[in-house]
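Visitor: Dropping in input_31.cif, which is mmCIF, C-alpha atoms:
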```cif
data_upload
loop_
_atom_site.label_atom_id
_atom_site.label_comp_id
_atom_site.auth_asym_id
_atom_site.auth_seq_id
_atom_site.Cartn_x
_atom_site.Cartn_y
_atom_site.Cartn_z
CA MET E 30 21.76 -9.95 -24.75
CA SER E 31 19.36 -11.64 -22.33
CA ALA E 32 20.42 -12.80 -18.86
CA PRO E 33 21.53 -16.43 -18.39
CA PRO E 34 18.76 -18.86 -17.31
CA ASP E 35 20.04 -19.13 -13.70
CA GLU E 36 20.08 -15.37 -13.30
CA ARG E 37 16.59 -15.07 -14.85
CA ARG E 38 15.24 -17.71 -12.46
CA ARG E 39 16.85 -15.95 -9.49
CA THR E 40 15.42 -12.57 -10.50
CA MET E 41 11.97 -14.09 -11.07
CA SER E 42 11.90 -15.74 -7.67
CA ALA E 43 13.25 -12.58 -6.01
CA THR E 44 10.45 -10.64 -7.68
CA ALA E 45 7.86 -13.15 -6.44
CA LEU E 46 9.17 -12.83 -2.88
CA GLU E 47 9.17 -9.02 -3.05
CA ILE E 48 5.59 -9.02 -4.34
CA LEU E 49 4.52 -11.32 -1.52
CA LEU E 50 6.23 -9.08 1.06
CA ALA E 51 4.75 -5.90 -0.44
CA ARG E 52 1.27 -7.46 -0.24
CA LEU E 53 1.79 -8.46 3.37
CA TYR E 54 3.40 -5.19 4.51
CA GLY E 55 0.72 -3.26 2.67
CA SER E 56 -2.33 -4.92 4.23
CA PRO E 57 -3.08 -6.43 7.65
CA LEU E 58 -5.93 -8.33 5.92
CA GLU E 59 -3.43 -10.03 3.60
CA VAL E 60 -1.36 -10.94 6.65
CA GLU E 61 -4.33 -12.79 8.15
CA LYS E 62 -4.95 -14.63 4.87
CA PHE E 63 -1.29 -15.59 4.77
CA LEU E 64 -1.26 -16.78 8.38
CA THR E 65 -4.33 -18.95 7.78
CA ASP E 66 -2.41 -21.14 5.31
CA ARG E 67 1.14 -19.95 4.74
CA ARG E 68 2.15 -22.73 2.36
CA ALA E 69 -0.85 -22.30 0.05
CA TYR E 70 -0.42 -18.51 0.05
CA ALA E 71 3.29 -18.78 -0.74
CA LEU E 72 2.73 -21.36 -3.49
CA GLY E 73 0.03 -19.16 -4.97
CA ALA E 74 2.52 -16.27 -4.97
CA GLY E 75 4.95 -18.34 -7.05
CA LEU E 76 7.70 -18.72 -4.47
CA SER E 77 10.48 -21.20 -5.17
CA ALA E 78 11.10 -24.25 -2.98
CA GLU E 79 14.26 -22.67 -1.58
CA GLN E 80 12.40 -19.50 -0.52
CA MET E 81 9.66 -21.46 1.22
CA PRO E 82 11.35 -22.21 4.58
CA ASP E 83 12.08 -18.53 5.25
CA VAL E 84 8.51 -17.52 4.48
CA LEU E 85 7.02 -20.35 6.54
CA ALA E 86 9.21 -19.24 9.47
CA ILE E 87 8.15 -15.56 9.54
CA ASP E 88 7.26 -14.59 13.09
CA ALA E 89 3.48 -14.06 13.04
CA ALA E 90 3.41 -11.46 15.83
CA ALA E 91 6.23 -9.43 14.27
CA LEU E 92 4.55 -9.57 10.86
CA ARG E 93 1.21 -8.42 12.29
CA PHE E 94 3.00 -5.63 14.13
CA ALA E 95 4.83 -4.51 10.98
CA ALA E 96 1.69 -4.48 8.84
CA ARG E 97 -0.24 -2.50 11.49
CA SER E 98 2.65 -0.08 11.85
CA TYR E 99 2.88 0.54 8.09
CA GLU E 100 -0.90 0.99 8.00
CA ARG E 101 -0.69 3.64 10.74
CA LYS E 102 2.03 5.43 8.76
CA ARG E 103 -0.13 5.42 5.62
CA VAL E 104 -3.11 6.82 7.54
CA GLN E 105 -0.93 9.55 9.09
CA ARG E 106 0.00 10.71 5.61
CA MET O 18 40.26 16.54 7.57
CA SER O 19 37.16 18.10 6.02
CA GLU O 20 34.90 20.19 8.12
CA ASP O 21 31.96 18.73 9.99
CA ARG O 22 28.56 20.36 9.57
CA VAL O 23 25.53 20.16 11.84
CA GLY O 24 22.10 21.11 10.63
CA LEU O 25 18.39 20.47 10.54
CA ALA O 26 15.76 18.90 8.37
CA TRP O 27 13.70 21.72 6.87
CA ARG O 28 10.04 21.66 7.84
CA ASP O 29 7.66 24.48 6.93
CA GLU O 30 6.53 24.64 10.57
CA LEU O 31 10.11 25.61 11.51
CA ALA O 32 10.78 27.95 8.57
CA ALA O 33 10.62 31.29 10.39
CA GLN O 34 12.86 30.10 13.22
CA ILE O 35 15.31 28.48 10.81
CA HIS O 36 15.69 31.79 8.96
CA LEU O 37 16.17 33.64 12.25
CA HIS O 38 18.86 31.19 13.39
CA LEU O 39 20.61 30.49 10.10
CA ASP O 40 23.97 31.39 11.64
CA ALA O 41 23.66 28.38 13.97
CA ILE O 42 22.75 25.96 11.16
CA ASP O 43 25.47 24.58 8.88
CA HIS O 44 23.22 22.50 6.63
CA LEU O 45 19.55 22.08 5.72
CA GLU O 46 17.88 18.97 4.36
CA VAL O 47 14.67 19.41 2.38
CA LEU O 48 12.20 16.56 1.83
CA ALA O 49 12.26 16.20 -1.96
CA ASP O 50 8.93 14.40 -2.24
CA ARG O 51 7.10 17.45 -0.85
CA GLU O 52 8.64 19.67 -3.52
CA PHE O 53 8.02 17.64 -6.67
CA CYS O 54 4.86 19.66 -7.39
CA ALA O 55 6.08 22.93 -5.86
CA SER O 56 5.36 26.25 -7.54
CA GLY O 57 8.07 28.06 -9.45
CA ARG O 58 8.29 30.70 -6.72
CA ARG O 59 8.84 28.07 -4.04
CA ILE O 60 11.55 26.42 -6.11
CA ASP O 61 13.19 29.83 -6.57
CA ALA O 62 13.10 30.30 -2.78
CA LEU O 63 14.70 26.88 -2.23
CA ARG O 64 17.43 27.66 -4.74
CA GLU O 65 18.07 30.97 -2.97
CA LEU O 66 18.22 29.14 0.36
CA ALA O 67 20.69 26.64 -1.13
CA ARG O 68 22.97 29.58 -1.98
CA GLN O 69 22.91 30.76 1.64
CA VAL O 70 23.49 27.44 3.38
CA PRO O 71 24.52 23.99 2.08
CA LEU O 72 21.30 22.14 1.34
CA SER O 73 20.47 18.55 0.41
CA LEU O 74 17.33 17.08 -1.14
CA HIS O 75 16.10 13.94 0.61
CA GLY O 76 13.88 11.42 -1.16
CA VAL O 77 11.64 8.96 0.63
CA SER O 78 9.75 7.02 -2.02
CA MET O 79 12.09 5.83 -4.75
CA GLY O 80 12.57 2.28 -3.46
CA LEU O 81 16.18 1.80 -4.51
CA ALA O 82 16.65 -1.50 -2.66
CA SER O 83 14.76 -3.90 -4.86
CA SER O 84 15.38 -6.49 -7.53
CA GLY O 85 12.95 -4.41 -9.61
CA ALA O 86 13.65 -1.16 -11.40
CA VAL O 87 12.99 2.26 -9.87
CA LEU O 88 10.16 4.03 -11.68
CA ASP O 89 11.30 6.35 -14.48
CA ARG O 90 8.83 8.92 -13.14
CA ASP O 91 10.60 9.00 -9.75
CA LEU O 92 14.03 9.46 -11.30
CA ALA O 93 12.83 12.13 -13.70
CA ARG O 94 11.20 14.26 -11.03
CA MET O 95 14.24 14.00 -8.75
CA ALA O 96 16.47 14.98 -11.68
CA GLU O 97 14.29 18.01 -12.42
CA LEU O 98 14.25 19.12 -8.77
CA VAL O 99 18.03 18.72 -8.42
CA ALA O 100 18.57 20.72 -11.62
CA ARG O 101 16.31 23.53 -10.41
CA VAL O 102 17.40 23.78 -6.75
CA GLU O 103 21.12 23.03 -7.25
CA PRO O 104 21.64 21.34 -3.86
CA ASP O 105 24.93 20.27 -2.32
CA HIS O 106 23.80 16.65 -2.81
CA TRP O 107 20.71 14.45 -2.79
CA SER O 108 19.87 11.35 -0.79
CA GLU O 109 17.52 8.36 -0.78
CA HIS O 110 16.88 5.28 1.33
CA LEU O 111 18.11 1.76 0.73
CA ALA O 112 14.48 0.77 1.11
CA PHE O 113 11.89 -1.42 -0.46
CA VAL O 114 8.58 0.42 -1.00
CA ARG O 115 6.65 -1.41 -3.74
CA ALA O 116 6.52 -4.53 -5.89
CA GLY O 117 4.13 -5.85 -8.49
CA GLY O 118 1.89 -2.80 -8.17
CA PHE O 119 1.54 -3.18 -4.38
CA GLU O 120 2.59 -0.05 -2.48
CA ILE O 121 3.76 -0.49 1.10
CA GLY O 122 3.42 3.24 1.68
CA HIS O 123 6.48 3.31 3.88
CA LEU O 124 10.14 2.31 3.99
CA ALA O 125 10.69 -1.43 4.49
CA ALA O 126 13.86 -3.50 4.46
CA ALA O 127 14.24 -5.65 1.35
CA PRO O 128 15.70 -9.17 1.53
CA TYR O 129 19.46 -8.85 2.00
CA ALA O 130 20.10 -11.12 -0.95
CA PRO O 131 22.07 -11.24 -4.24
CA ALA O 132 19.10 -10.38 -6.47
CA THR O 133 18.27 -7.35 -4.30
CA LEU O 134 21.90 -6.24 -4.40
CA GLU O 135 22.05 -6.57 -8.19
CA GLY O 136 18.80 -4.61 -8.55
CA THR O 137 19.99 -1.93 -6.12
CA LEU O 138 23.26 -1.47 -8.00
CA ARG O 139 21.35 -1.21 -11.30
CA ASN O 140 19.01 1.35 -9.73
CA LEU O 141 21.91 3.42 -8.40
CA HIS O 142 23.68 3.31 -11.76
CA ARG O 143 20.49 4.49 -13.45
CA ALA O 144 19.98 7.20 -10.79
CA ARG O 145 23.43 8.59 -11.51
CA GLU O 146 22.70 8.58 -15.25
CA VAL O 147 19.36 10.35 -14.94
CA VAL O 148 19.93 12.69 -11.97
CA GLY O 149 23.57 13.40 -12.72
CA SER O 150 25.02 12.27 -9.40
CA LEU O 151 24.75 9.35 -6.99
CA PRO O 152 22.55 9.82 -3.95
CA HIS O 153 23.80 9.46 -0.40
CA VAL O 154 22.09 6.17 0.52
CA GLU O 155 20.44 5.74 3.90
CA ASN O 156 20.00 2.65 6.09
CA VAL O 157 16.42 2.01 7.21
CA ALA O 158 14.79 0.70 10.38
CA ALA O 159 13.35 -2.81 9.99
CA LEU O 160 10.38 -4.11 11.95
CA LEU O 161 11.22 -7.74 11.25
CA PRO O 162 14.28 -9.42 9.77
CA PRO O 163 13.68 -9.48 5.99
CA PRO O 164 12.72 -13.03 4.91
CA GLY O 165 14.86 -14.46 2.13
CA SER O 166 18.03 -12.75 3.37
CA HIS O 167 21.44 -14.25 2.68
CA TRP O 168 23.42 -11.58 4.52
CA SER O 169 23.21 -9.38 7.58
CA GLU O 170 22.05 -5.78 7.21
CA GLU O 171 25.60 -4.45 7.52
CA GLU O 172 26.95 -6.90 4.92
CA PHE O 173 24.21 -5.83 2.52
CA ILE O 174 24.94 -2.13 3.09
CA CYS O 175 28.70 -2.67 2.64
CA ARG O 176 28.05 -4.44 -0.67
CA CYS O 177 25.70 -1.67 -1.87
CA VAL O 178 28.09 1.12 -0.94
CA HIS O 179 31.26 -0.56 -2.18
CA GLY O 180 29.57 -1.82 -5.35
CA SER O 181 28.11 1.54 -6.33
CA GLY O 182 30.49 4.10 -4.86
CA ALA O 183 27.52 5.88 -3.29
CA PRO O 184 28.23 7.75 -0.05
CA LEU O 185 26.41 6.41 3.01
CA LEU O 186 23.90 8.51 4.93
CA LEU O 187 24.00 6.69 8.24
CA ASP O 188 20.83 7.11 10.29
CA LEU O 189 22.02 6.43 13.82
CA HIS O 190 18.53 6.08 15.28
CA ASN O 191 17.59 3.53 12.61
CA LEU O 192 20.78 1.66 13.44
CA TYR O 193 19.98 1.85 17.16
CA ALA O 194 16.38 0.71 16.56
CA ASN O 195 17.53 -2.33 14.57
CA ALA O 196 20.03 -3.23 17.29
CA TRP O 197 17.36 -2.78 19.99
CA ASN O 198 14.70 -4.75 18.14
CA PHE O 199 16.93 -7.65 17.17
CA GLY O 200 19.00 -7.96 20.34
CA ARG O 201 22.30 -6.62 19.03
CA ASP O 202 24.94 -4.29 20.45
CA PRO O 203 24.49 -0.94 18.63
CA PHE O 204 28.18 -0.06 18.93
CA ALA O 205 29.22 -3.40 17.39
CA LEU O 206 26.69 -2.83 14.59
CA LEU O 207 28.11 0.67 14.04
CA LEU O 208 31.65 -0.67 13.74
CA ALA O 209 30.50 -3.27 11.18
CA MET O 210 29.18 -0.53 8.88
CA PRO O 211 31.40 0.87 6.08
CA LEU O 212 32.35 3.90 8.18
CA GLU O 213 34.91 5.17 5.66
CA ASN O 214 31.98 5.76 3.27
CA VAL O 215 29.78 7.71 5.69
CA HIS O 216 29.40 11.30 4.56
CA SER O 217 26.17 12.28 6.24
CA VAL O 218 24.32 11.28 9.40
CA HIS O 219 20.73 11.45 10.63
CA LEU O 220 19.84 11.86 14.29
CA SER O 221 16.27 11.42 15.44
CA GLY O 222 14.16 9.86 18.15
CA GLY O 223 11.46 7.30 18.60
CA ARG O 224 9.45 5.35 21.14
CA VAL O 225 8.98 1.82 22.36
CA VAL O 226 5.63 0.33 21.29
CA ARG O 227 4.11 -2.64 23.05
CA ASP O 228 1.18 -4.20 21.16
CA PRO O 229 -0.60 -7.11 22.87
CA GLY O 230 1.01 -10.43 21.99
CA THR O 231 3.97 -8.79 20.28
CA PRO O 232 7.52 -8.26 21.52
CA ALA O 233 8.20 -4.61 22.29
CA ARG O 234 9.58 -2.71 19.32
CA LEU O 235 11.50 0.56 19.14
CA ILE O 236 9.90 2.67 16.42
CA ASP O 237 11.74 5.49 14.65
CA ASP O 238 9.01 8.17 14.73
CA HIS O 239 10.89 11.49 14.41
CA ILE O 240 8.63 13.10 17.01
CA HIS O 241 10.89 12.57 20.01
CA ASP O 242 14.31 13.98 20.86
CA PRO O 243 17.29 11.81 19.91
CA PRO O 244 18.17 9.67 22.95
CA GLY O 245 21.59 9.94 24.59
CA VAL O 246 22.82 6.71 23.03
CA VAL O 247 22.42 8.24 19.56
CA TYR O 248 24.84 11.04 20.51
CA ASP O 249 27.19 8.38 21.96
CA LEU O 250 27.04 6.57 18.60
CA LEU O 251 27.83 9.87 16.84
CA GLU O 252 30.88 10.32 19.07
CA ALA O 253 31.99 6.74 18.31
CA LEU O 254 31.53 7.38 14.59
CA ALA O 255 33.53 10.63 14.72
CA ALA O 256 36.29 8.76 16.56
CA ARG O 257 36.52 6.23 13.70
CA ALA O 258 35.76 8.19 10.52
CA PRO O 259 38.36 10.77 9.50
CA GLN O 260 36.25 12.39 6.77
CA GLY O 261 33.99 15.38 7.37
CA LEU O 262 30.44 14.49 8.40
CA THR O 263 27.21 16.35 7.69
CA VAL O 264 24.92 15.67 10.65
CA ILE O 265 21.20 16.40 10.32
CA ILE O 266 18.63 16.34 13.11
CA GLU O 267 15.25 15.14 11.84
CA ARG O 268 12.02 16.18 13.48
CA ASP O 269 8.59 15.58 11.92
CA GLY O 270 6.20 16.78 14.61
CA HIS O 271 5.60 17.58 18.31
CA TYR O 272 8.11 20.35 17.72
CA PRO O 273 9.88 21.60 20.84
CA ASP O 274 10.89 25.24 21.36
CA PHE O 275 13.44 26.18 18.76
CA ALA O 276 15.91 26.87 21.60
CA ASN O 277 15.66 23.15 22.38
CA LEU O 278 16.51 22.26 18.76
CA ILE O 279 19.49 24.65 18.91
CA GLN O 280 20.60 22.80 22.07
CA GLN O 281 20.33 19.51 20.16
CA LEU O 282 22.59 20.97 17.44
CA ALA O 283 25.06 21.99 20.15
CA ARG O 284 24.94 18.50 21.66
CA ALA O 285 25.68 16.98 18.23
CA ARG O 286 28.63 19.36 17.80
CA ALA O 287 29.91 18.39 21.25
CA ALA O 288 29.64 14.67 20.39
CA LEU O 289 31.52 15.25 17.12
CA ALA O 290 34.22 17.23 18.94
CA ALA O 291 34.60 14.52 21.59
CA GLY O 292 34.92 11.86 18.89
CA ARG O 293 37.49 13.93 16.99
CA ARG O 294 39.52 14.34 20.21
CA ARG O 295 39.43 10.56 20.71
CA ARG O 296 40.61 10.06 17.16
CA ARG O 297 43.51 12.50 17.59
CA ALA O 298 44.47 10.75 20.83
CA GLN O 299 44.49 7.38 18.99
CA ASP O 300 46.56 8.81 16.11
CA HIS O 301 48.97 10.79 18.28
CA PRO O 302 48.99 9.22 21.77
CA ALA O 303 52.13 11.11 22.80
CA ALA O 304 50.58 14.50 22.03
CA ALA O 305 47.42 13.60 23.93
CA ALA O 306 49.34 12.40 27.02
#
```
Would you mind writing the structure in this file as structure tokens?
Guide:
Amino acid sequence: MSAPPDERRRTMSATALEILLARLYGSPLEVEKFLTDRRAYALGAGLSAEQMPDVLAIDAAALRFAARSYERKRVQR
Amino acid sequence: MSEDRVGLAWRDELAAQIHLHLDAIDHLEVLADREFCASGRRIDALRELARQVPLSLHGVSMGLASSGAVLDRDLARMAELVARVEPDHWSEHLAFVRAGGFEIGHLAAAPYAPATLEGTLRNLHRAREVVGSLPHVENVAALLPPPGSHWSEEEFICRCVHGSGAPLLLDLHNLYANAWNFGRDPFALLLAMPLENVHSVHLSGGRVVRDPGTPARLIDDHIHDPPGVVYDLLEALAARAPQGLTVIIERDGHYPDFANLIQQLARARAALAAGRRRRRAQDHPAAAA
């Protein structure tokens, strides 16, 4: 039995958000693209209207720091 | 009350000293991901070690905390390793490591949201089916509050643990780092965790990093000694949680003299004992007076 439409929509938008976060955490270059035009980047990633405010409000310095930190960890490995 | 255990994370660099001091070590934790391609002889040695001292296998790359499914490959290789080594238990992080083919390459915090919770519970159910037991699930350090969150970190962890029945591996330095980075009281955060479900504990250290233009962040790097506050948190945990705790000190580099690591084990035992005394005094104030 397939999931109800509301649940499917919620899972799809959660997946879109996770993909956007994985792209950002995985690449400082993607972070810079995102910060250049957050709304366009988020729309292109398929985020829902209700997810948009959280993504537009991400602290730029903290995001840059996180992406650089994850990059350092990858290099160390 | 079950017995507390205090032990170390196994690292090959420490192997000789660990064998020499096995009497002082109640538990060993082996990084599972480094053993997935191990030779048969190495697996035999790990199984032999697991017969001498309680041993757990610790995974770092499964990515349980996600609305997406854990990779079948990751579950299958953990299941094979668990079957071959026969550990006391296995553990993994409540972390988000990949999505849509993009690998973060490290442990990140997923959105604390209903879809993540549902995915995490599905992943844990599947892990139990494939591996044969639930992992102890570990809290992670976050570098920024996960966007798209509906709950706090502790609410999310409570829901994961209560929804799945998985024991909690509480990393006290990760907890301290999240409190430090997001302006919270670490002892209040500790008390908001599902302490009755904590069965194992990680102690480690880190450092404060100040990048230009960025607020200072406490990073959990495993190459520094656990700070005093982490032992204070362990004492507070032992004062609250009646069940036996397996405490593991993690160190990934810049190894000190082994005598120093033995002192850290002793300090953890002392913190546990102090917490247990506090608990007895709370339960039986007349006897303590």
Visitor: Could you list, as JSON, numbers by chain, every residue within 12 Å of Glu59 in chain E, counting only C-alpha atoms and ignoring same-chain residues fewer than 4 positions away?
Guide: {"E": [49, 50, 51, 52, 53, 54, 55, 63, 64, 65, 66, 67, 70, 71, 92, 93, 96, 97], "O": [119]}
Visitor: Using all atoms listed in the file, tabulate the residues of chain O lying at most 12 Å from any atom of chain E, each with its closest atom pair and that distance in Å to one decimal, by chain and increasing residue number, as a Markdown table.
Guide:
```
| residue | atom | partner | partner_atom | distance |
| --- | --- | --- | --- | --- |
| O:Arg51 | CA | E:Arg106 | CA | 11.7 |
| O:Gly80 | CA | E:Ala51 | CA | 11.7 |
| O:Ala82 | CA | E:Glu47 | CA | 10.6 |
| O:Ser83 | CA | E:Glu47 | CA | 7.8 |
| O:Ser84 | CA | E:Thr44 | CA | 6.4 |
| O:Gly85 | CA | E:Thr44 | CA | 7.0 |
| O:Ala86 | CA | E:Thr44 | CA | 10.7 |
| O:Ala112 | CA | E:Glu47 | CA | 11.9 |
| O:Phe113 | CA | E:Ala51 | CA | 8.4 |
| O:Val114 | CA | E:Ala51 | CA | 7.4 |
| O:Arg115 | CA | E:Ala51 | CA | 5.9 |
| O:Ala116 | CA | E:Ile48 | CA | 4.8 |
| O:Gly117 | CA | E:Ile48 | CA | 5.4 |
| O:Gly118 | CA | E:Ile48 | CA | 8.2 |
| O:Phe119 | CA | E:Ala51 | CA | 5.8 |
| O:Glu120 | CA | E:Gly55 | CA | 6.4 |
| O:Ile121 | CA | E:Gly55 | CA | 4.4 |
| O:Gly122 | CA | E:Arg103 | CA | 5.7 |
| O:His123 | CA | E:Tyr99 | CA | 6.2 |
| O:Leu124 | CA | E:Tyr99 | CA | 8.5 |
| O:Ala125 | CA | E:Tyr54 | CA | 8.2 |
| O:Ala126 | CA | E:Leu50 | CA | 10.0 |
| O:Ala127 | CA | E:Glu47 | CA | 7.5 |
| O:Pro128 | CA | E:Glu47 | CA | 8.0 |
| O:Tyr129 | CA | E:Ala43 | CA | 10.8 |
| O:Ala130 | CA | E:Ala43 | CA | 8.6 |
| O:Pro131 | CA | E:Arg39 | CA | 8.8 |
| O:Ala132 | CA | E:Thr40 | CA | 5.9 |
| O:Thr133 | CA | E:Ala43 | CA | 7.4 |
| O:Leu134 | CA | E:Ala43 | CA | 10.8 |
| O:Glu135 | CA | E:Thr40 | CA | 9.2 |
| O:Gly136 | CA | E:Thr40 | CA | 8.9 |
| O:Ala158 | CA | E:Ala95 | CA | 11.3 |
| O:Ala159 | CA | E:Ala95 | CA | 8.7 |
| O:Leu160 | CA | E:Ala95 | CA | 5.6 |
| O:Leu161 | CA | E:Ala91 | CA | 6.1 |
| O:Pro162 | CA | E:Ile87 | CA | 8.7 |
| O:Pro163 | CA | E:Leu50 | CA | 8.9 |
| O:Pro164 | CA | E:Asp83 | CA | 5.5 |
| O:Gly165 | CA | E:Asp83 | CA | 5.8 |
| O:Ser166 | CA | E:Asp83 | CA | 8.5 |
| O:His167 | CA | E:Asp83 | CA | 10.6 |
| O:Asn198 | CA | E:Ala91 | CA | 10.4 |
| O:Phe199 | CA | E:Ala91 | CA | 11.2 |
| O:Val226 | CA | E:Phe94 | CA | 9.7 |
| O:Arg227 | CA | E:Phe94 | CA | 9.5 |
| O:Asp228 | CA | E:Phe94 | CA | 7.4 |
| O:Pro229 | CA | E:Ala90 | CA | 9.2 |
| O:Gly230 | CA | E:Ala90 | CA | 6.7 |
| O:Thr231 | CA | E:Ala90 | CA | 5.2 |
| O:Pro232 | CA | E:Ala91 | CA | 7.5 |
| O:Ala233 | CA | E:Ala91 | CA | 9.6 |
| O:Arg234 | CA | E:Phe94 | CA | 8.9 |
| O:Leu235 | CA | E:Ser98 | CA | 11.5 |
| O:Ile236 | CA | E:Ser98 | CA | 9.0 |
| O:Asp237 | CA | E:Ser98 | CA | 11.0 |
| O:Asp238 | CA | E:Lys102 | CA | 9.6 |
| O:Asp269 | CA | E:Gln105 | CA | 11.6 |
| O:Gly270 | CA | E:Gln105 | CA | 11.6 |
```
Visitor: Using Å and a single decimal, report how far CA of Glu155 in chain O sits from CA of Met79 in chain O.
Guide: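 CA of Met79 in chain O sits 12.0 Å away from CA of Glu155 in chain O.
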Visitor: What separation in Å, quoted to one decimal, exists between CA of Pro244 in chain O and CA of Ala183 in chain O?
Guide: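 Atom-to-atom, CA of Pro244 in chain O to CA of Ala183 in chain O, that is 28.1 Å.
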Visitor: Find the residue from O:Glu52, O:Asp188, O:Asp40, O:Asp202 that sits nearest to His110 in chain O; use only C-alpha atoms when measuring.
Guide: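 The closest residue to His110 in chain O is O:Asp188.
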Visitor: Suppose you want the space between CA of Gln34 in chain O and CA of Ala276 in chain O; what is it in Å?
Guide: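 Here the two named atoms are 9.5 Å from each other.
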Visitor: Applying 10 Å and all atoms listed in the file, which residues near Asp274 in chain O remain after dropping the ones on its own chain fewer than 4 positions away? List them as a list in words.
Guide: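 Once the adjacent positions are removed, what remains is Leu31, Gln34, Leu278 and Ile279 of chain O.
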Visitor: Could you list, as a PyMOL selection string, every residue within 12 Å of Arg286 in chain O, counting all atoms listed in the file and ignoring same-chain residues fewer than 2 positions away?
Guide: chain O and resi 20-24+41-43+248-249+251-252+255+262-266+279-284+288-293
Visitor: Go through the shown structure with the PyMOL selection byres ((chain O and resi 241) around 6) and write out the matching residues as a list in words.
Guide: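 Selection result, ordered by chain and number: Gly222, Gly223, His239, Ile240 and Asp242 of chain O.
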Visitor: Let me know the residues the PyMOL selection byres ((chain O and resi 209-211) around 12) catches in the file above, as number ranges by chain.
Guide: O: 155-156, 169-180, 182-189, 192, 201-208, 212-216, 254, 257-258
Visitor: Please expand the PyMOL selection byres ((chain O and resi 106) around 10) into the concrete residues it hits in this file, giving the result as a ChimeraX atom specification.
Guide: /O:46,71-75,99,103-105,107-108,150-153
Visitor: What's around Cys54 in chain O at 10 Å? Count all atoms listed in the file, leave out sequence neighbours fewer than 4 positions away in its own chain, and write the answer as a ChimeraX atom specification.
Guide: /O:49-50,59-60,94,98
